[in-house]
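What's in work-v1.cif: mmCIF, N, CA, C and O atoms
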data_my_file
loop_
_atom_site.label_atom_id
_atom_site.label_comp_id
_atom_site.auth_asym_id
_atom_site.auth_seq_id
_atom_site.Cartn_x
_atom_site.Cartn_y
_atom_site.Cartn_z
N MET J 572 0.85 -1.18 0.00
CA MET J 572 0.00 0.00 0.00
C MET J 572 0.89 1.24 0.00
O MET J 572 1.89 1.28 0.70
N GLU J 573 0.51 2.23 -0.77
CA GLU J 573 1.29 3.45 -0.85
C GLU J 573 1.10 4.30 0.40
O GLU J 573 0.11 4.18 1.11
N SER J 574 2.07 5.16 0.64
CA SER J 574 1.96 6.08 1.78
C SER J 574 0.90 7.12 1.49
O SER J 574 0.44 7.28 0.37
N SER J 575 0.52 7.86 2.53
CA SER J 575 -0.49 8.90 2.34
C SER J 575 0.01 9.96 1.37
O SER J 575 -0.79 10.60 0.68
N SER J 576 1.33 10.18 1.27
CA SER J 576 1.83 11.17 0.32
C SER J 576 1.51 10.74 -1.11
O SER J 576 1.27 11.58 -1.96
N GLY J 577 1.50 9.45 -1.39
CA GLY J 577 1.11 8.97 -2.71
C GLY J 577 -0.35 9.29 -3.00
O GLY J 577 -0.71 9.66 -4.12
N LEU J 578 -1.18 9.19 -2.00
CA LEU J 578 -2.59 9.54 -2.15
C LEU J 578 -2.74 11.03 -2.42
O LEU J 578 -3.47 11.44 -3.31
N TYR J 579 -2.02 11.84 -1.64
CA TYR J 579 -2.13 13.28 -1.82
C TYR J 579 -1.62 13.71 -3.19
O TYR J 579 -2.17 14.60 -3.82
N GLU J 580 -0.57 13.07 -3.66
CA GLU J 580 -0.06 13.37 -5.01
C GLU J 580 -1.11 13.01 -6.06
O GLU J 580 -1.31 13.75 -7.02
N ALA J 581 -1.76 11.86 -5.88
CA ALA J 581 -2.79 11.43 -6.82
C ALA J 581 -3.97 12.40 -6.79
O ALA J 581 -4.53 12.73 -7.84
N ILE J 582 -4.36 12.86 -5.61
CA ILE J 582 -5.45 13.84 -5.50
C ILE J 582 -5.06 15.13 -6.23
O ILE J 582 -5.87 15.71 -6.94
N ALA J 583 -3.82 15.56 -6.07
CA ALA J 583 -3.35 16.79 -6.71
C ALA J 583 -3.39 16.71 -8.22
O ALA J 583 -3.50 17.73 -8.91
N GLU J 584 -3.34 15.49 -8.78
CA GLU J 584 -3.35 15.31 -10.23
C GLU J 584 -4.77 15.23 -10.82
O GLU J 584 -4.92 15.15 -12.03
N LEU J 585 -5.78 15.24 -9.98
CA LEU J 585 -7.16 15.17 -10.47
C LEU J 585 -7.52 16.44 -11.24
O LEU J 585 -6.97 17.51 -10.97
N PRO J 586 -8.49 16.33 -12.17
CA PRO J 586 -9.01 17.55 -12.80
C PRO J 586 -9.58 18.49 -11.73
O PRO J 586 -9.99 18.05 -10.65
N ASN J 587 -9.61 19.77 -12.02
CA ASN J 587 -9.96 20.79 -11.03
C ASN J 587 -11.23 20.50 -10.25
O ASN J 587 -11.24 20.56 -9.02
N ARG J 588 -12.34 20.24 -10.92
CA ARG J 588 -13.61 20.05 -10.21
C ARG J 588 -13.56 18.81 -9.34
O ARG J 588 -14.06 18.81 -8.21
N GLN J 589 -12.96 17.74 -9.82
CA GLN J 589 -12.83 16.52 -9.03
C GLN J 589 -11.94 16.77 -7.81
O GLN J 589 -12.25 16.32 -6.70
N PHE J 590 -10.88 17.52 -7.99
CA PHE J 590 -10.00 17.89 -6.88
C PHE J 590 -10.78 18.66 -5.83
O PHE J 590 -10.69 18.37 -4.63
N GLU J 591 -11.55 19.65 -6.26
CA GLU J 591 -12.32 20.48 -5.33
C GLU J 591 -13.27 19.65 -4.48
O GLU J 591 -13.31 19.80 -3.25
N VAL J 592 -14.05 18.79 -5.13
CA VAL J 592 -15.05 18.04 -4.37
C VAL J 592 -14.41 16.99 -3.45
O VAL J 592 -14.89 16.78 -2.33
N ILE J 593 -13.32 16.37 -3.88
CA ILE J 593 -12.64 15.40 -3.02
C ILE J 593 -12.07 16.09 -1.78
O ILE J 593 -12.23 15.62 -0.65
N VAL J 594 -11.40 17.22 -1.98
CA VAL J 594 -10.81 17.93 -0.85
C VAL J 594 -11.89 18.43 0.11
O VAL J 594 -11.80 18.23 1.32
N LEU J 595 -12.93 19.06 -0.43
CA LEU J 595 -13.99 19.57 0.43
C LEU J 595 -14.71 18.45 1.18
O LEU J 595 -14.97 18.55 2.38
N ARG J 596 -15.03 17.38 0.47
CA ARG J 596 -15.83 16.30 1.07
C ARG J 596 -15.02 15.44 2.02
O ARG J 596 -15.42 15.17 3.15
N TYR J 597 -13.86 14.93 1.56
CA TYR J 597 -13.14 13.92 2.34
C TYR J 597 -11.97 14.47 3.16
O TYR J 597 -11.68 13.94 4.23
N VAL J 598 -11.30 15.50 2.69
CA VAL J 598 -10.18 16.05 3.45
C VAL J 598 -10.70 17.01 4.52
O VAL J 598 -10.32 16.94 5.69
N LEU J 599 -11.62 17.90 4.13
CA LEU J 599 -12.16 18.87 5.08
C LEU J 599 -13.44 18.40 5.77
O LEU J 599 -13.89 19.03 6.73
N GLY J 600 -14.06 17.33 5.26
CA GLY J 600 -15.22 16.74 5.92
C GLY J 600 -16.54 17.49 5.74
O GLY J 600 -17.45 17.34 6.55
N CYS J 601 -16.64 18.29 4.70
CA CYS J 601 -17.88 19.04 4.46
C CYS J 601 -18.98 18.09 3.96
O CYS J 601 -18.70 17.21 3.16
N PRO J 602 -20.22 18.28 4.40
CA PRO J 602 -21.32 17.48 3.85
C PRO J 602 -21.54 17.82 2.37
O PRO J 602 -21.19 18.92 1.92
N THR J 603 -22.11 16.89 1.65
CA THR J 603 -22.31 17.06 0.21
C THR J 603 -23.07 18.33 -0.12
O THR J 603 -22.73 19.03 -1.08
N ALA J 604 -24.09 18.66 0.66
CA ALA J 604 -24.87 19.87 0.40
C ALA J 604 -24.01 21.12 0.48
O ALA J 604 -24.14 22.04 -0.34
N LYS J 605 -23.11 21.15 1.44
CA LYS J 605 -22.24 22.31 1.59
C LYS J 605 -21.20 22.36 0.46
O LYS J 605 -20.87 23.43 -0.04
N VAL J 606 -20.70 21.20 0.04
CA VAL J 606 -19.77 21.15 -1.09
C VAL J 606 -20.46 21.72 -2.32
O VAL J 606 -19.90 22.55 -3.04
N ALA J 607 -21.70 21.30 -2.56
CA ALA J 607 -22.46 21.79 -3.71
C ALA J 607 -22.62 23.31 -3.64
O ALA J 607 -22.45 24.01 -4.65
N TRP J 608 -22.90 23.83 -2.46
CA TRP J 608 -23.08 25.26 -2.29
C TRP J 608 -21.77 26.01 -2.55
O TRP J 608 -21.75 27.00 -3.27
N TYR J 609 -20.67 25.51 -1.96
CA TYR J 609 -19.37 26.17 -2.14
C TYR J 609 -18.97 26.23 -3.62
O TYR J 609 -18.48 27.23 -4.09
N VAL J 610 -19.14 25.10 -4.30
CA VAL J 610 -18.66 24.98 -5.68
C VAL J 610 -19.67 25.57 -6.66
O VAL J 610 -19.31 25.93 -7.78
N GLY J 611 -20.93 25.67 -6.24
CA GLY J 611 -21.96 26.24 -7.12
C GLY J 611 -22.54 25.25 -8.10
O GLY J 611 -22.86 25.60 -9.24
N ILE J 612 -22.66 23.97 -7.66
CA ILE J 612 -23.23 22.93 -8.51
C ILE J 612 -24.29 22.17 -7.72
O ILE J 612 -24.39 22.29 -6.51
N ASP J 613 -25.08 21.37 -8.42
CA ASP J 613 -26.11 20.54 -7.80
C ASP J 613 -25.48 19.42 -6.97
O ASP J 613 -24.39 18.95 -7.31
N GLU J 614 -26.16 18.97 -5.93
CA GLU J 614 -25.66 17.88 -5.10
C GLU J 614 -25.43 16.61 -5.91
O GLU J 614 -24.48 15.87 -5.66
N ARG J 615 -26.30 16.34 -6.88
CA ARG J 615 -26.12 15.15 -7.71
C ARG J 615 -24.86 15.25 -8.55
O ARG J 615 -24.19 14.26 -8.80
N THR J 616 -24.52 16.47 -8.96
CA THR J 616 -23.30 16.67 -9.73
C THR J 616 -22.07 16.47 -8.84
O THR J 616 -21.05 15.94 -9.29
N VAL J 617 -22.17 16.86 -7.58
CA VAL J 617 -21.09 16.59 -6.63
C VAL J 617 -20.86 15.08 -6.56
O VAL J 617 -19.73 14.60 -6.64
N GLY J 618 -21.95 14.31 -6.43
CA GLY J 618 -21.84 12.86 -6.39
C GLY J 618 -21.18 12.30 -7.63
O GLY J 618 -20.33 11.39 -7.54
N HIS J 619 -21.52 12.84 -8.78
CA HIS J 619 -20.92 12.40 -10.04
C HIS J 619 -19.40 12.64 -10.01
O HIS J 619 -18.62 11.75 -10.33
N HIS J 620 -18.99 13.84 -9.62
CA HIS J 620 -17.56 14.16 -9.58
C HIS J 620 -16.83 13.31 -8.54
O HIS J 620 -15.69 12.89 -8.76
N LEU J 621 -17.48 13.03 -7.42
CA LEU J 621 -16.87 12.18 -6.40
C LEU J 621 -16.65 10.77 -6.93
O LEU J 621 -15.58 10.19 -6.74
N ARG J 622 -17.66 10.21 -7.60
CA ARG J 622 -17.52 8.86 -8.15
C ARG J 622 -16.40 8.80 -9.18
O ARG J 622 -15.58 7.88 -9.18
N ARG J 623 -16.37 9.79 -10.08
CA ARG J 623 -15.32 9.82 -11.11
C ARG J 623 -13.94 9.97 -10.48
O ARG J 623 -12.98 9.32 -10.90
N ALA J 624 -13.82 10.83 -9.49
CA ALA J 624 -12.53 11.07 -8.83
C ALA J 624 -12.07 9.81 -8.09
O ALA J 624 -10.89 9.44 -8.17
N LYS J 625 -12.98 9.15 -7.39
CA LYS J 625 -12.60 7.94 -6.65
C LYS J 625 -12.14 6.84 -7.60
O LYS J 625 -11.18 6.13 -7.30
N GLU J 626 -12.80 6.73 -8.75
CA GLU J 626 -12.38 5.74 -9.74
C GLU J 626 -11.00 6.09 -10.29
O GLU J 626 -10.14 5.21 -10.44
N ARG J 627 -10.76 7.36 -10.59
CA ARG J 627 -9.43 7.79 -11.06
C ARG J 627 -8.35 7.48 -10.02
O ARG J 627 -7.27 7.01 -10.36
N LEU J 628 -8.66 7.78 -8.76
CA LEU J 628 -7.70 7.52 -7.68
C LEU J 628 -7.45 6.02 -7.52
O LEU J 628 -6.31 5.59 -7.33
N ARG J 629 -8.51 5.23 -7.62
CA ARG J 629 -8.36 3.78 -7.51
C ARG J 629 -7.42 3.26 -8.58
O ARG J 629 -6.49 2.49 -8.29
N LEU J 630 -7.62 3.70 -9.82
CA LEU J 630 -6.76 3.26 -10.92
C LEU J 630 -5.33 3.76 -10.74
O LEU J 630 -4.37 3.01 -10.94
N ARG J 631 -5.18 5.02 -10.36
CA ARG J 631 -3.86 5.63 -10.20
C ARG J 631 -3.06 4.94 -9.10
O ARG J 631 -1.85 4.76 -9.21
N LEU J 632 -3.74 4.53 -8.03
CA LEU J 632 -3.07 3.90 -6.89
C LEU J 632 -3.00 2.38 -7.01
O LEU J 632 -2.43 1.71 -6.15
N GLY J 633 -3.59 1.83 -8.07
CA GLY J 633 -3.53 0.39 -8.29
C GLY J 633 -4.33 -0.42 -7.30
O GLY J 633 -3.96 -1.53 -6.94
N LEU J 634 -5.45 0.14 -6.84
CA LEU J 634 -6.31 -0.56 -5.88
C LEU J 634 -7.33 -1.43 -6.60
O LEU J 634 -7.72 -1.12 -7.72
N PRO J 635 -7.77 -2.51 -5.96
CA PRO J 635 -8.76 -3.37 -6.61
C PRO J 635 -10.12 -2.69 -6.72
O PRO J 635 -10.44 -1.78 -5.95
N ALA J 636 -10.91 -3.15 -7.70
CA ALA J 636 -12.26 -2.62 -7.88
C ALA J 636 -13.11 -2.96 -6.67
O ALA J 636 -12.94 -4.02 -6.05
N ASP J 637 -14.02 -2.07 -6.33
CA ASP J 637 -14.93 -2.28 -5.21
C ASP J 637 -15.98 -3.29 -5.65
O ASP J 637 -16.72 -3.05 -6.60
N ARG J 638 -16.04 -4.40 -4.97
CA ARG J 638 -17.02 -5.44 -5.33
C ARG J 638 -18.30 -5.21 -4.55
O ARG J 638 -18.31 -5.19 -3.34
N LYS J 639 -19.36 -5.02 -5.28
CA LYS J 639 -20.66 -4.79 -4.63
C LYS J 639 -21.26 -6.14 -4.25
O LYS J 639 -21.20 -7.09 -5.00
N LYS J 640 -21.86 -6.16 -3.07
CA LYS J 640 -22.52 -7.37 -2.61
C LYS J 640 -23.88 -7.48 -3.31
O LYS J 640 -24.59 -6.49 -3.42
N PRO J 641 -24.25 -8.68 -3.75
CA PRO J 641 -25.58 -8.82 -4.36
C PRO J 641 -26.66 -8.60 -3.33
O PRO J 641 -26.48 -8.93 -2.14
N LYS J 642 -27.76 -8.02 -3.76
CA LYS J 642 -28.88 -7.79 -2.83
C LYS J 642 -29.46 -9.12 -2.43
O LYS J 642 -29.69 -10.00 -3.26
N GLN J 643 -29.71 -9.27 -1.12
CA GLN J 643 -30.29 -10.51 -0.62
C GLN J 643 -31.78 -10.35 -0.45
O GLN J 643 -32.25 -9.29 0.00
N LYS J 644 -32.49 -11.38 -0.81
CA LYS J 644 -33.94 -11.35 -0.62
C LYS J 644 -34.24 -11.67 0.83
O LYS J 644 -33.47 -12.32 1.52
N GLY J 645 -35.37 -11.19 1.29
CA GLY J 645 -35.79 -11.42 2.68
C GLY J 645 -35.97 -12.89 2.96
O GLY J 645 -36.12 -13.72 2.07
N ALA J 646 -35.99 -13.26 4.23
CA ALA J 646 -36.15 -14.65 4.64
C ALA J 646 -37.51 -15.16 4.18
O ALA J 646 -38.49 -14.46 4.23
N GLY J 647 -37.50 -16.37 3.68
CA GLY J 647 -38.75 -16.99 3.26
C GLY J 647 -39.17 -16.62 1.85
O GLY J 647 -40.24 -16.98 1.42
N SER J 648 -38.34 -15.93 1.11
CA SER J 648 -38.70 -15.54 -0.26
C SER J 648 -38.24 -16.57 -1.24
O SER J 648 -37.28 -17.16 -1.16
#
Just give me the structure as structure tokens.
Amino acid sequence: MESSSGLYEAIAELPNRQFEVIVLRYVLGCPTAKVAWYVGIDERTVGHHLRRAKERLRLRLGLPADRKKPKQKGAGS
């Protein structure tokens, strides 16, 4: 696993909008609504930029893809 400096370098290489939302949301801990207000975009657009940035960071850092768990049906179904 890379050091935190590798993560910060990867964050610094993100496109501007992705950099802004990652820093505001995860480094500074702002809620999504506040990130949207600061940047002047819709909350859904913040989510879009966060997803794209996280995928870029995952690839840049050589991390495995996030495996989603299949939805389980309720008992007795």
Quick one: axis-aligned box around all listed atoms of region 588-591 of chain J, 8 Å on every side, centre and edge lengths in Å to one decimal, written as lines of an AutoDock Vina configuration file.
center_x = -12.0
center_y = 18.4
center_z = -7.1
size_x = 20.1
size_y = 20.2
size_z = 23.7
- Run the PyMOL selection byres (((chain J and resi 581 and name CA) around 10) and name CA) against the file shown and list the residues it catches, as a list of chain:residue names.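 Checked against the file, the PyMOL selection byres (((chain J and resi 581 and name CA) around 10) and name CA) matches J:Ser575, J:Ser576, J:Gly577, J:Leu578, J:Tyr579, J:Glu580, J:Ile582, J:Ala583, J:Glu584, J:Leu585, J:Phe590, J:Ala624, J:Arg627, J:Leu628, J:Arg629, J:Leu630, J:Arg631, J:Leu632.
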- Message: Please report the interatomic distance between CA of Gln589 (chain J) and CA of Arg623 (chain J) in Å with one decimal.
- Response: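 Result for CA of Gln589 (chain J) versus CA of Arg623 (chain J): 7.4 Å, one decimal.
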- So what do you get for CA of Arg615 (chain J) versus CA of Arg596 (chain J), distance-wise?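 Those two atoms sit 13.6 Å apart.
Going from CA of His619 (chain J) to atom C of Gln643 (chain J) covers 27.0 Å.
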- Task: From chain J, collect each residue whose DSSP state is helix (DSSP H, G or I) and return the set as a PyMOL selection string.
- Result: chain J and resi 575-583+587-598+603-610+614-632
